[in-house]
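Colleague: Attaching a single structure in structure tokens format; questions to follow.
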Amino acid sequence: MKKIILMLIILSCFIFPRLSDAQEDKIVRVAIETARSHMRIPKEMEVRFVEKKKSPLAGFFSVKILVLAPDKEMPVIVYVDEAGEKVILGALIIKGENVAVREAGETRPRKFDMNQFEIEKSPIRGNPGARVTIVEFSNFRCSYCQLSWAKMEKMLERHPQTIRYVFKHFPLKSLQGSFELSEIAASAQVLSGEAFWLIHDFFFSPEGQMITREDVSVVIRKVEEILKEKGFDVRAFQAAMEKGIGRRKVMEDMAVGNRVPVMGTPTLIVNGDFISGEFNDQALERYLKK
């Protein structure tokens, strides 16, 4: 009899918490879904659950979530009733104090782990051992990316030892043909970093920008001519295209970018910081002083 009672106690420990957990999951889910809908959080942006506890408002839970924007971490408090039906999102004033703001805490600049960008897989310009690493998500159909590269190229000329520049493919669906151009450049990357930068610089040149508006077959023939002139193995480039090696490289870069998430191009990450404005010599100097 004692054994039976003991077994029932053990079973209850497994059964009842699961029912409770299911209810908690519902409350957290309601909090996140409400925040996404009413704060108009893009689907690409991660919303992370932090904690759930009893709130100062009777019959309600306080659910803390973290909205991970590319440039900042925004804590948000959502109040959900015990049935998961009533939700309060926004200010909760108790005795003149905005409790929601106090419970949420401060918005902080977001810091990225540079290891997540898989830098070793990408073409690099500048000094591999530099103190400042710039990761740029870019594509060859983006006029802003062309301007960004023109500025970055000059900065690399002025500071060849202090910058490590890393290129990441991020073609956009809204720019027709951008994926094909990235695939071509990534296939050249299979030959060597030098071959990639040769095609990269051509695509961003005035002549290259004209060529990239042509049919993809015209672009490929021009790239093959450029590679052949510089003594690169054109057959290896063709094989990389045919086997989808370049395509896979682009997809890998896009997967890395989607984890940020990259919302548009160009997007720059400098030593783990998302750069929302222009990155110039003055900004570089601040990083060198850190």
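In the structure tokens, chains take the letters A, B, ... in the order shown, each chain's residues start at 1, and ligands count up from 1 in the order shown.
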What's the 12 Å shell around Lys43 (chain A), counting only C-alpha atoms, without same-chain residues fewer than 4 positions away, as a PyMOL selection string?
Modeller: chain A and resi 32-33+35-37+39+47+67-69+258-259+261+263
Colleague: What lies within 10 Å of Lys249 (chain A) using only C-alpha atoms, ignoring chain neighbours under 4 positions off, as a ChimeraX atom specification?
Modeller: /A:121-122,168-169,182-183,185-187,189-190,244-245,253-255
Colleague: Filtering to C-alpha atoms, could you give me those residues as a short mmCIF file (atom, residue, chain, number, x, y, z; two decimals), in the first residue's frame?
Modeller:
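For reference, selection-v8.cif as written:
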```
data_model
loop_
_atom_site.label_atom_id
_atom_site.label_comp_id
_atom_site.auth_asym_id
_atom_site.auth_seq_id
_atom_site.Cartn_x
_atom_site.Cartn_y
_atom_site.Cartn_z
CA LYS A 121 33.95 31.87 -44.72
CA SER A 122 33.88 35.33 -46.26
CA LYS A 168 28.50 39.28 -46.78
CA HIS A 169 26.06 38.58 -49.60
CA SER A 182 25.57 37.46 -55.74
CA GLU A 183 25.69 33.86 -56.96
CA ALA A 185 30.40 36.69 -57.40
CA ALA A 186 30.27 33.87 -54.83
CA SER A 187 31.20 31.35 -57.56
CA GLN A 189 35.03 33.40 -54.63
CA VAL A 190 35.55 29.62 -54.99
CA GLY A 244 25.42 25.39 -57.05
CA ILE A 245 28.46 26.11 -54.86
CA ASP A 253 25.35 34.49 -45.81
CA MET A 254 21.63 35.20 -45.97
CA ALA A 255 21.01 32.79 -43.09
#
```
Colleague: Which residues, written as a PyMOL selection string, have at least one atom at most 10 Å from region 214-225 of chain A, with only C-alpha atoms counted and residues fewer than 4 positions away on the same chain left out?
Modeller: chain A and resi 177+180-181+184-185+188+198-199+202-203+208-210+229-235+237-238+241
Colleague: For the residues in that selection, give me C-alpha atoms as a CSV table (one decimal), in the first residue's frame.
Modeller:
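Writing done, so here's again00.csv:
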```csv
chain,number,residue,atom,x,y,z
A,177,GLY,CA,18.4,39.8,-60.4
A,180,GLU,CA,22.0,35.9,-59.5
A,181,LEU,CA,24.7,38.6,-59.3
A,184,ILE,CA,28.1,34.8,-59.8
A,185,ALA,CA,30.4,36.7,-57.4
A,188,ALA,CA,34.3,33.5,-58.4
A,198,LEU,CA,38.0,41.4,-58.9
A,199,ILE,CA,34.4,40.7,-59.7
A,202,PHE,CA,33.8,45.3,-61.4
A,203,PHE,CA,30.1,45.0,-60.4
A,208,GLY,CA,29.8,47.0,-64.1
A,209,GLN,CA,26.6,48.6,-63.0
A,210,MET,CA,25.6,48.9,-66.7
A,229,GLU,CA,42.3,37.9,-68.7
A,230,LYS,CA,43.7,37.7,-65.1
A,231,GLY,CA,44.7,34.1,-65.6
A,232,PHE,CA,42.0,32.4,-63.4
A,233,ASP,CA,40.5,29.0,-64.2
A,234,VAL,CA,37.3,29.8,-66.0
A,235,ARG,CA,36.3,26.1,-66.0
A,237,PHE,CA,34.2,29.1,-62.1
A,238,GLN,CA,31.7,27.4,-64.5
A,241,MET,CA,28.0,27.8,-61.0
```
Colleague: What are the DSSP strand (DSSP E) residues of region 52-271 of chain A, as a count of residues only?
Modeller: 52
Colleague: So that I can see what lies close to region 111-116 of chain A, please list as a VMD selection string the residues with an atom at most 9 Å from it, counting only C-alpha atoms and leaving out residues fewer than 5 positions away in the same chain.
Modeller: chain A and resid 71 to 73 133 135 256 259 to 260 269 to 274
Colleague: Residues of region 19-189 of chain A in alpha helix (DSSP H) according to DSSP, as number ranges by chain?
Modeller: A: 19-38, 99-104, 143-158, 178-189
